[in-house]
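S.K.: The structure file coords-v8.cif (mmCIF, C-alpha atoms and all ligand atoms; chains and numbers go by the auth columns) is provided below.
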```cif
data_data
#
loop_
_atom_site.group_PDB
_atom_site.id
_atom_site.type_symbol
_atom_site.label_atom_id
_atom_site.label_comp_id
_atom_site.label_asym_id
_atom_site.label_seq_id
_atom_site.Cartn_x
_atom_site.Cartn_y
_atom_site.Cartn_z
_atom_site.B_iso_or_equiv
_atom_site.auth_seq_id
_atom_site.auth_asym_id
ATOM 1 C CA MET A 1 140.397 102.256 138.902 0.00 614 A
ATOM 2 C CA LYS A 2 140.683 100.308 142.184 0.00 615 A
ATOM 3 C CA ASP A 3 141.477 103.152 144.566 0.00 616 A
ATOM 4 C CA ASN A 4 138.982 105.496 143.005 0.00 617 A
ATOM 5 C CA LYS A 5 135.661 106.531 144.463 0.00 618 A
ATOM 6 C CA ILE A 6 132.941 105.288 142.149 0.00 619 A
ATOM 7 C CA PRO A 7 130.036 107.655 141.473 0.00 620 A
ATOM 8 C CA ALA A 8 126.739 105.981 142.385 0.00 621 A
ATOM 9 C CA HIS A 9 124.798 107.458 139.449 0.00 622 A
ATOM 10 C CA VAL A 10 126.530 107.873 136.106 0.00 623 A
ATOM 11 C CA ALA A 11 124.698 109.279 133.095 0.00 624 A
ATOM 12 C CA ILE A 12 126.005 109.137 129.524 0.00 625 A
ATOM 13 C CA ILE A 13 124.882 111.134 126.509 0.00 626 A
ATOM 14 C CA CYS A 14 125.697 108.434 123.967 0.00 627 A
ATOM 15 C CA ASP A 15 126.593 110.680 121.046 0.00 628 A
ATOM 16 C CA GLY A 16 128.594 110.211 117.848 0.00 629 A
ATOM 17 C CA ASN A 17 127.174 107.022 116.334 0.00 630 A
ATOM 18 C CA GLY A 18 126.568 108.710 112.986 0.00 631 A
ATOM 19 C CA ARG A 19 130.063 110.229 112.789 0.00 632 A
ATOM 20 C CA TRP A 20 131.623 106.900 113.777 0.00 633 A
ATOM 21 C CA ALA A 21 129.961 105.273 110.767 0.00 634 A
ATOM 22 C CA THR A 22 130.710 108.144 108.373 0.00 635 A
ATOM 23 C CA ASN A 23 134.396 108.093 109.412 0.00 636 A
ATOM 24 C CA GLN A 24 134.593 104.499 108.239 0.00 637 A
ATOM 25 C CA GLY A 25 132.682 105.075 105.039 0.00 638 A
ATOM 26 C CA LEU A 26 129.639 103.248 106.393 0.00 639 A
ATOM 27 C CA PRO A 27 125.976 104.300 106.395 0.00 640 A
ATOM 28 C CA ARG A 28 124.761 106.003 109.613 0.00 641 A
ATOM 29 C CA TRP A 29 122.641 103.044 110.640 0.00 642 A
ATOM 30 C CA LYS A 30 125.805 100.970 111.085 0.00 643 A
ATOM 31 C CA GLY A 31 126.806 103.495 113.723 0.00 644 A
ATOM 32 C CA HIS A 32 123.569 102.908 115.621 0.00 645 A
ATOM 33 C CA GLU A 33 124.090 99.170 115.434 0.00 646 A
ATOM 34 C CA GLN A 34 127.601 99.588 116.833 0.00 647 A
ATOM 35 C CA GLY A 35 126.298 102.038 119.448 0.00 648 A
ATOM 36 C CA PHE A 36 123.783 99.440 120.599 0.00 649 A
ATOM 37 C CA LYS A 37 126.539 96.838 121.016 0.00 650 A
ATOM 38 C CA ASN A 38 128.647 99.286 122.931 0.00 651 A
ATOM 39 C CA ALA A 39 125.766 100.302 125.201 0.00 652 A
ATOM 40 C CA LYS A 40 125.705 96.710 126.440 0.00 653 A
ATOM 41 C CA GLU A 41 129.488 96.587 126.932 0.00 654 A
ATOM 42 C CA ILE A 42 129.655 99.844 128.833 0.00 655 A
ATOM 43 C CA THR A 43 126.616 99.001 130.973 0.00 656 A
ATOM 44 C CA LYS A 44 128.229 95.730 131.997 0.00 657 A
ATOM 45 C CA TYR A 45 131.530 97.455 132.691 0.00 658 A
ATOM 46 C CA ALA A 46 129.952 100.219 134.776 0.00 659 A
ATOM 47 C CA PHE A 47 127.988 97.838 136.993 0.00 660 A
ATOM 48 C CA ASN A 48 130.946 95.451 137.363 0.00 661 A
ATOM 49 C CA ASN A 49 132.942 98.388 138.637 0.00 662 A
ATOM 50 C CA GLY A 50 130.508 99.497 141.313 0.00 663 A
ATOM 51 C CA VAL A 51 128.138 101.945 139.637 0.00 664 A
ATOM 52 C CA LYS A 52 124.609 101.516 141.054 0.00 665 A
ATOM 53 C CA TYR A 53 122.576 103.584 138.601 0.00 666 A
ATOM 54 C CA LEU A 54 123.422 104.097 134.944 0.00 667 A
ATOM 55 C CA SER A 55 121.336 106.407 132.774 0.00 668 A
ATOM 56 C CA LEU A 56 121.962 106.218 129.036 0.00 669 A
ATOM 57 C CA TYR A 57 120.536 108.827 126.669 0.00 670 A
ATOM 58 C CA LEU A 58 119.654 106.646 123.689 0.00 671 A
ATOM 59 C CA PHE A 59 116.976 108.593 121.807 0.00 672 A
ATOM 60 C CA SER A 60 115.692 112.081 122.521 0.00 673 A
ATOM 61 C CA THR A 61 112.223 113.474 121.879 0.00 674 A
ATOM 62 C CA GLU A 62 114.003 115.846 119.466 0.00 675 A
ATOM 63 C CA ASN A 63 115.540 112.942 117.517 0.00 676 A
ATOM 64 C CA PHE A 64 112.160 112.519 115.785 0.00 677 A
ATOM 65 C CA LYS A 65 113.290 115.462 113.658 0.00 678 A
ATOM 66 C CA ARG A 66 115.662 113.076 111.840 0.00 679 A
ATOM 67 C CA PRO A 67 114.818 111.424 108.525 0.00 680 A
ATOM 68 C CA LYS A 68 112.143 108.746 108.928 0.00 681 A
ATOM 69 C CA LYS A 69 114.515 106.087 107.633 0.00 682 A
ATOM 70 C CA GLU A 70 116.966 106.699 110.470 0.00 683 A
ATOM 71 C CA VAL A 71 114.247 106.857 113.145 0.00 684 A
ATOM 72 C CA ASP A 72 112.696 103.656 111.781 0.00 685 A
ATOM 73 C CA TYR A 73 116.070 101.921 111.920 0.00 686 A
ATOM 74 C CA ILE A 74 116.608 102.869 115.586 0.00 687 A
ATOM 75 C CA MET A 75 113.095 101.600 116.427 0.00 688 A
ATOM 76 C CA SER A 76 113.715 98.361 114.534 0.00 689 A
ATOM 77 C CA LEU A 77 116.918 97.804 116.548 0.00 690 A
ATOM 78 C CA LEU A 78 114.804 97.700 119.697 0.00 691 A
ATOM 79 C CA VAL A 79 112.384 95.202 118.143 0.00 692 A
ATOM 80 C CA ASP A 80 115.121 92.954 116.733 0.00 693 A
ATOM 81 C CA LYS A 81 117.233 93.018 119.880 0.00 694 A
ATOM 82 C CA LEU A 82 114.475 92.477 122.445 0.00 695 A
ATOM 83 C CA LYS A 83 115.574 88.939 123.287 0.00 696 A
ATOM 84 C CA ASP A 84 119.192 90.035 123.326 0.00 697 A
ATOM 85 C CA ILE A 85 118.380 92.876 125.769 0.00 698 A
ATOM 86 C CA LEU A 86 116.408 90.575 128.070 0.00 699 A
ATOM 87 C CA ASP A 87 119.141 87.903 128.064 0.00 700 A
ATOM 88 C CA PHE A 88 121.712 90.574 128.779 0.00 701 A
ATOM 89 C CA CYS A 89 119.755 91.949 131.759 0.00 702 A
ATOM 90 C CA HIS A 90 119.192 88.484 133.219 0.00 703 A
ATOM 91 C CA GLU A 91 122.816 87.395 132.738 0.00 704 A
ATOM 92 C CA ASN A 92 124.098 90.512 134.442 0.00 705 A
ATOM 93 C CA LYS A 93 121.255 90.899 136.962 0.00 706 A
ATOM 94 C CA ILE A 94 120.333 94.343 135.730 0.00 707 A
ATOM 95 C CA ARG A 95 117.007 96.036 136.269 0.00 708 A
ATOM 96 C CA ALA A 96 116.067 98.107 133.229 0.00 709 A
ATOM 97 C CA VAL A 97 113.706 101.035 133.680 0.00 710 A
ATOM 98 C CA VAL A 98 112.602 103.451 130.977 0.00 711 A
ATOM 99 C CA SER A 99 112.531 107.238 131.103 0.00 712 A
ATOM 100 C CA GLY A 100 110.649 108.903 128.300 0.00 713 A
ATOM 101 C CA LYS A 101 107.303 109.557 126.707 0.00 714 A
ATOM 102 C CA ASP A 102 105.116 106.885 125.135 0.00 715 A
ATOM 103 C CA GLU A 103 103.737 109.541 122.786 0.00 716 A
ATOM 104 C CA ASN A 104 104.893 109.077 119.166 0.00 717 A
ATOM 105 C CA LEU A 105 106.120 105.537 119.876 0.00 718 A
ATOM 106 C CA SER A 106 104.348 102.622 118.191 0.00 719 A
ATOM 107 C CA SER A 107 102.305 100.281 120.378 0.00 720 A
ATOM 108 C CA LYS A 108 104.830 97.560 119.580 0.00 721 A
ATOM 109 C CA ILE A 109 107.729 99.624 120.936 0.00 722 A
ATOM 110 C CA ILE A 110 105.717 100.628 124.014 0.00 723 A
ATOM 111 C CA SER A 111 104.922 97.005 124.809 0.00 724 A
ATOM 112 C CA ILE A 112 108.591 96.028 124.319 0.00 725 A
ATOM 113 C CA LEU A 113 109.719 98.726 126.739 0.00 726 A
ATOM 114 C CA ARG A 114 107.134 97.623 129.340 0.00 727 A
ATOM 115 C CA LYS A 115 108.184 93.997 128.896 0.00 728 A
ATOM 116 C CA ILE A 116 111.847 94.830 129.509 0.00 729 A
ATOM 117 C CA GLU A 117 110.895 96.725 132.679 0.00 730 A
ATOM 118 C CA ASP A 118 108.563 94.038 133.870 0.00 731 A
ATOM 119 C CA GLU A 119 110.831 91.077 133.325 0.00 732 A
ATOM 120 C CA THR A 120 113.844 92.608 135.066 0.00 733 A
ATOM 121 C CA LYS A 121 112.235 94.254 138.066 0.00 734 A
ATOM 122 C CA GLU A 122 113.679 91.775 140.582 0.00 735 A
ATOM 123 C CA TYR A 123 117.247 93.068 140.147 0.00 736 A
ATOM 124 C CA GLU A 124 119.037 95.765 142.065 0.00 737 A
ATOM 125 C CA ASN A 125 121.412 97.674 139.748 0.00 738 A
ATOM 126 C CA ILE A 126 119.349 100.119 137.730 0.00 739 A
ATOM 127 C CA PHE A 127 119.897 100.746 134.041 0.00 740 A
ATOM 128 C CA ASN A 128 117.786 103.773 133.170 0.00 741 A
ATOM 129 C CA MET A 129 117.069 103.651 129.418 0.00 742 A
ATOM 130 C CA CYS A 130 116.309 107.197 128.321 0.00 743 A
ATOM 131 C CA PHE A 131 114.316 106.568 125.194 0.00 744 A
ATOM 132 C CA ASN A 132 112.118 109.237 123.615 0.00 745 A
ATOM 133 C CA TYR A 133 113.353 111.300 126.528 0.00 746 A
ATOM 134 C CA GLY A 134 113.397 115.073 126.936 0.00 747 A
ATOM 135 C CA SER A 135 114.115 116.721 130.246 0.00 748 A
ATOM 136 C CA LYS A 136 111.830 119.734 129.859 0.00 749 A
ATOM 137 C CA ALA A 137 108.971 117.404 128.932 0.00 750 A
ATOM 138 C CA GLU A 138 109.755 115.265 131.978 0.00 751 A
ATOM 139 C CA ILE A 139 109.578 118.275 134.292 0.00 752 A
ATOM 140 C CA ILE A 140 106.286 119.415 132.743 0.00 753 A
ATOM 141 C CA ASP A 141 104.877 115.872 132.980 0.00 754 A
ATOM 142 C CA ALA A 142 105.918 115.700 136.651 0.00 755 A
ATOM 143 C CA ALA A 143 104.277 119.057 137.383 0.00 756 A
ATOM 144 C CA ARG A 144 101.084 117.907 135.661 0.00 757 A
ATOM 145 C CA LYS A 145 101.018 114.609 137.575 0.00 758 A
ATOM 146 C CA TYR A 146 101.571 116.428 140.835 0.00 759 A
ATOM 147 C CA ALA A 147 98.798 118.887 140.070 0.00 760 A
ATOM 148 C CA LEU A 148 96.374 116.057 139.237 0.00 761 A
ATOM 149 C CA ASP A 149 97.394 114.191 142.356 0.00 762 A
ATOM 150 C CA TYR A 150 97.121 117.354 144.402 0.00 763 A
ATOM 151 C CA LYS A 151 96.260 116.489 147.972 0.00 764 A
ATOM 152 C CA GLU A 152 97.965 119.199 149.943 0.00 765 A
ATOM 153 C CA ASN A 153 99.022 122.810 149.966 0.00 766 A
ATOM 154 C CA ALA A 154 101.371 123.648 147.120 0.00 767 A
ATOM 155 C CA GLU A 155 103.893 124.930 149.705 0.00 768 A
ATOM 156 C CA GLU A 156 104.275 121.374 150.950 0.00 769 A
ATOM 157 C CA LEU A 157 105.865 120.257 147.693 0.00 770 A
ATOM 158 C CA THR A 158 109.507 119.453 148.432 0.00 771 A
ATOM 159 C CA GLU A 159 112.393 118.691 146.077 0.00 772 A
ATOM 160 C CA GLU A 160 112.308 115.090 147.250 0.00 773 A
ATOM 161 C CA LYS A 161 108.602 114.766 146.542 0.00 774 A
ATOM 162 C CA PHE A 162 108.946 116.404 143.136 0.00 775 A
ATOM 163 C CA ASN A 163 111.694 113.913 142.278 0.00 776 A
ATOM 164 C CA SER A 164 109.234 111.092 142.874 0.00 777 A
ATOM 165 C CA TYR A 165 106.984 112.509 140.118 0.00 778 A
ATOM 166 C CA LEU A 166 109.737 112.293 137.490 0.00 779 A
ATOM 167 C CA TYR A 167 109.753 109.347 135.068 0.00 780 A
ATOM 168 C CA GLN A 168 111.994 107.448 137.509 0.00 781 A
ATOM 169 C CA ASN A 169 112.600 108.270 141.155 0.00 782 A
ATOM 170 C CA LEU A 170 116.401 108.017 141.067 0.00 783 A
ATOM 171 C CA PRO A 171 119.135 109.679 143.113 0.00 784 A
ATOM 172 C CA PRO A 172 120.831 112.698 141.509 0.00 785 A
ATOM 173 C CA VAL A 173 123.425 112.168 138.781 0.00 786 A
ATOM 174 C CA ASP A 174 126.981 112.295 140.142 0.00 787 A
ATOM 175 C CA LEU A 175 128.848 112.157 136.840 0.00 788 A
ATOM 176 C CA LEU A 176 127.560 113.113 133.390 0.00 789 A
ATOM 177 C CA ILE A 177 129.650 111.947 130.441 0.00 790 A
ATOM 178 C CA ARG A 178 129.113 113.176 126.884 0.00 791 A
ATOM 179 C CA THR A 179 130.954 111.483 124.070 0.00 792 A
ATOM 180 C CA SER A 180 131.767 112.852 120.584 0.00 793 A
ATOM 181 C CA GLY A 181 133.207 116.238 121.481 0.00 794 A
ATOM 182 C CA GLU A 182 129.949 118.172 121.799 0.00 795 A
ATOM 183 C CA GLN A 183 129.784 120.203 124.986 0.00 796 A
ATOM 184 C CA ARG A 184 126.074 120.665 125.546 0.00 797 A
ATOM 185 C CA ILE A 185 123.349 118.967 127.518 0.00 798 A
ATOM 186 C CA SER A 186 120.779 118.589 124.686 0.00 799 A
ATOM 187 C CA ASN A 187 117.768 118.506 127.036 0.00 800 A
ATOM 188 C CA PHE A 188 119.067 115.694 129.229 0.00 801 A
ATOM 189 C CA MET A 189 118.301 115.327 132.963 0.00 802 A
ATOM 190 C CA LEU A 190 118.328 119.036 133.788 0.00 803 A
ATOM 191 C CA TRP A 191 116.826 118.451 137.243 0.00 804 A
ATOM 192 C CA GLN A 192 118.939 115.383 138.065 0.00 805 A
ATOM 193 C CA CYS A 193 122.205 117.052 136.971 0.00 806 A
ATOM 194 C CA ALA A 194 121.873 120.086 139.248 0.00 807 A
ATOM 195 C CA TYR A 195 125.156 119.260 141.033 0.00 808 A
ATOM 196 C CA CYS A 196 126.718 116.617 138.806 0.00 809 A
ATOM 197 C CA GLU A 197 130.263 116.744 137.458 0.00 810 A
ATOM 198 C CA PHE A 198 130.582 117.025 133.671 0.00 811 A
ATOM 199 C CA TYR A 199 133.052 115.024 131.613 0.00 812 A
ATOM 200 C CA PHE A 200 133.392 115.627 127.892 0.00 813 A
ATOM 201 C CA THR A 201 135.417 113.401 125.604 0.00 814 A
ATOM 202 C CA ASN A 202 136.075 113.483 121.857 0.00 815 A
ATOM 203 C CA THR A 203 135.721 109.703 121.699 0.00 816 A
ATOM 204 C CA LEU A 204 132.682 108.685 119.668 0.00 817 A
ATOM 205 C CA PHE A 205 130.195 106.516 121.548 0.00 818 A
ATOM 206 C CA PRO A 206 130.863 103.245 119.658 0.00 819 A
ATOM 207 C CA ASP A 207 134.538 103.599 120.730 0.00 820 A
ATOM 208 C CA PHE A 208 133.784 104.568 124.345 0.00 821 A
ATOM 209 C CA ASN A 209 135.116 101.454 126.092 0.00 822 A
ATOM 210 C CA GLY A 210 136.133 100.480 129.627 0.00 823 A
ATOM 211 C CA GLU A 211 139.445 102.285 129.350 0.00 824 A
ATOM 212 C CA GLU A 212 137.666 105.500 128.347 0.00 825 A
ATOM 213 C CA PHE A 213 135.176 104.992 131.171 0.00 826 A
ATOM 214 C CA ASP A 214 138.073 104.715 133.646 0.00 827 A
ATOM 215 C CA LYS A 215 139.424 108.054 132.402 0.00 828 A
ATOM 216 C CA ALA A 216 136.073 109.653 133.231 0.00 829 A
ATOM 217 C CA ILE A 217 136.144 108.092 136.702 0.00 830 A
ATOM 218 C CA ASP A 218 139.696 109.369 137.237 0.00 831 A
ATOM 219 C CA ALA A 219 138.609 112.868 136.232 0.00 832 A
ATOM 220 C CA PHE A 220 135.648 112.616 138.612 0.00 833 A
ATOM 221 C CA ASN A 221 138.036 111.711 141.424 0.00 834 A
ATOM 222 C CA ASN A 222 140.046 114.858 140.804 0.00 835 A
ATOM 223 C CA ARG A 223 137.021 117.112 141.212 0.00 836 A
ATOM 224 C CA ASP A 224 136.219 118.954 144.401 0.00 837 A
ATOM 225 C CA ARG A 225 132.470 118.726 144.906 0.00 838 A
ATOM 226 C CA ARG A 226 131.477 121.582 147.185 0.00 839 A
ATOM 227 C CA TYR A 227 127.712 121.849 146.679 0.00 840 A
ATOM 228 C CA GLY A 228 127.973 125.571 147.337 0.00 841 A
ATOM 229 C CA GLY A 229 129.878 125.110 150.604 0.00 842 A
ATOM 230 C CA LEU A 230 133.604 125.130 151.273 0.00 843 A
ATOM 231 C CA ASN A 231 136.073 122.308 150.974 0.00 844 A
ATOM 232 C CA ASN A 232 137.904 120.998 154.052 0.00 845 A
ATOM 233 C CA GLU A 233 141.045 123.058 153.324 0.00 846 A
ATOM 234 C CA ASN A 234 139.164 126.338 153.436 0.00 847 A
ATOM 235 C CA LYS A 235 136.677 125.571 156.183 0.00 848 A
ATOM 236 C CA ASN A 236 138.829 126.944 159.000 0.00 849 A
ATOM 237 C CA ASN A 237 140.272 129.952 157.160 0.00 850 A
HETATM 238 C C1 LIG B . 123.739 109.395 118.976 0.00 901 A
HETATM 239 O O1 LIG B . 124.513 109.455 117.828 0.00 901 A
HETATM 240 C C2 LIG B . 122.524 108.499 118.812 0.00 901 A
HETATM 241 C C3 LIG B . 121.259 109.221 118.679 0.00 901 A
HETATM 242 C C4 LIG B . 121.125 110.501 118.847 0.00 901 A
HETATM 243 C C5 LIG B . 120.090 108.454 118.351 0.00 901 A
HETATM 244 P P1 LIG B . 124.170 110.440 116.635 0.00 901 A
HETATM 245 O O2 LIG B . 123.272 109.753 115.681 0.00 901 A
HETATM 246 O O3 LIG B . 123.672 111.739 117.163 0.00 901 A
HETATM 247 O O4 LIG B . 125.599 110.623 116.004 0.00 901 A
HETATM 248 P P2 LIG B . 126.182 111.961 115.380 0.00 901 A
HETATM 249 O O5 LIG B . 126.135 113.000 116.460 0.00 901 A
HETATM 250 O O6 LIG B . 125.336 112.319 114.190 0.00 901 A
HETATM 251 O O7 LIG B . 127.585 111.594 115.017 0.00 901 A
HETATM 252 C C1 LIG B . 121.657 113.825 122.075 0.00 902 A
HETATM 253 O O1 LIG B . 122.389 113.718 120.890 0.00 902 A
HETATM 254 C C2 LIG B . 120.661 112.720 122.164 0.00 902 A
HETATM 255 C C3 LIG B . 121.212 111.375 122.268 0.00 902 A
HETATM 256 C C4 LIG B . 122.487 111.079 122.362 0.00 902 A
HETATM 257 C C5 LIG B . 120.251 110.320 122.319 0.00 902 A
HETATM 258 P P1 LIG B . 122.014 114.567 119.591 0.00 902 A
HETATM 259 O O2 LIG B . 122.978 114.181 118.556 0.00 902 A
HETATM 260 O O3 LIG B . 120.574 114.382 119.295 0.00 902 A
HETATM 261 O O4 LIG B . 122.237 116.044 120.122 0.00 902 A
HETATM 262 P P2 LIG B . 122.478 117.416 119.340 0.00 902 A
HETATM 263 O O5 LIG B . 121.411 117.528 118.289 0.00 902 A
HETATM 264 O O6 LIG B . 123.845 117.326 118.726 0.00 902 A
HETATM 265 O O7 LIG B . 122.406 118.473 120.381 0.00 902 A
HETATM 266 MG MG MG B . 124.608 113.463 117.706 0.00 903 A
#
```
How would this structure read if it were set down as structure tokens?
M.R.:
Amino acid sequence: MKDNKIPAHVAIICDGNGRWATNQGLPRWKGHEQGFKNAKEITKYAFNNGVKYLSLYLFSTENFKRPKKEVDYIMSLLVDKLKDILDFCHENKIRAVVSGKDENLSSKIISILRKIEDETKEYENIFNMCFNYGSKAEIIDAARKYALDYKENAEELTEEKFNSYLYQNLPPVDLLIRTSGEQRISNFMLWQCAYCEFYFTNTLFPDFNGEEFDKAIDAFNNRDRRYGGLNNENKNN
């Protein structure tokens, strides 16, 4: 990966935990446990290799449609692993921020998320935990906040300013990875992904390791990002 250009902001739709477990004859919750372990591994790997911002889609607003037992298990992972998450962030000097709604989360989970953010805010590399996240809801929430905060003519709203009303004011996503073979965005970072490169892999998230991450970076390096303009070869034609 040495000669490759590293995307500053990588986002991953961490999908396939359930299928990973089912494939091994295990209950789905084992897949979430394994997914949690892998989220730490891949976060460490990404930052060690020069990524500055990593957004992981860990639980969507729509995931509340799942059986209560599964939702409860995912929530309990966060409670049980709080110390583990904090130690991990400190060891690796990672700042964790949360994107998502507090609505429908228990007060215990909300206070855990705030604690993680609070205790890691001195660090530079940003791990954006998308938890109870939905992109349409984020855009609506940003529009509402802007309207409430309204101090100027609506025409003065710029893209940059609007970005600052999102859950986190981060630079745009450069590379979006989705594991597990699905090729859809499932309400993830619609605004932030306006010009990102997509990379889809059949690998299930618990198996998405450093080697798989490198393949995504290689693919990214073979893309020609034009942003609507022309590439160098065609500029003078
Ligand atoms: C992703 O894995 C984790 C969450 C959505 C919480 P899934 O649980 O969606 O795994 P599959 O897609 O059923 O295999
Ligand atoms: C997207 O995965 C959400 C997360 C990975 C957290 P889903 O498994 O919920 O997405 P769909 O339902 O297949 O679109
Ligand atoms: Mg899924």
S.K.: Smallest atom-to-atom distance to ligand MG 903 (chain A): which of A:Glu795, A:Asp693, A:Asp700, A:Glu768, using only C-alpha atoms and all ligand atoms?
M.R.: A:Glu795
S.K.: Between A:Gly663, A:Pro680, A:Pro620, A:Gly842, single out the one closest to ligand LIG 901 (chain A), counting only C-alpha atoms and all ligand atoms.
M.R.: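 Checking each of A:Gly663, A:Pro680, A:Pro620, A:Gly842 against ligand LIG 901 (chain A), counting only C-alpha atoms and all ligand atoms, the winner is A:Pro680.
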S.K.: Would you list the residues that come within 9 Å of ligand MG 903 (chain A)? Count all atoms listed in the file and give the answer as a VMD selection string.
M.R.: chain A and resid 627 to 632 793 795
S.K.: Would you write out, as a PyMOL selection string, every residue that the PyMOL selection byres (((chain A and resi 691) around 12) and not hetatm) captures in this file?
M.R.: chain A and resi 645-646+649-650+671-672+684-690+692-699+718-719+721-726+728-729+742+744
S.K.: Smallest atom-to-atom distance to ligand LIG 901 (chain A): which of A:Ser748, A:Asn661, A:Thr635, A:Ser712, using all atoms listed in the file?
M.R.: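 That would be A:Thr635, the residue with the smallest distance to ligand LIG 901 (chain A).
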S.K.: Between CA of Thr733 (chain A) and CA of Arg708 (chain A), what is the distance in Å, rounded to a tenth?
M.R.: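 About the pair CA of Thr733 (chain A) and CA of Arg708 (chain A): they are 4.8 Å apart.
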S.K.: Any idea what the distance is between CA of Asp616 (chain A) and CA of Glu810 (chain A)?
M.R.: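 So the two atoms, CA of Asp616 (chain A) and CA of Glu810 (chain A), lie 19.0 Å apart.
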S.K.: From the list A:Lys618, A:Arg641, A:Arg838, A:Lys758, which residue is nearest ligand LIG 901 (chain A) when using all atoms listed in the file?
M.R.: A:Arg641
S.K.: Considering all atoms listed in the file, state which residue in the set A:Arg791, A:Lys681, A:Arg757, A:Arg839 is at the smallest distance from Phe775 (chain A).
M.R.: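 Of A:Arg791, A:Lys681, A:Arg757, A:Arg839, the one nearest Phe775 (chain A), counting all atoms listed in the file, is A:Arg757.
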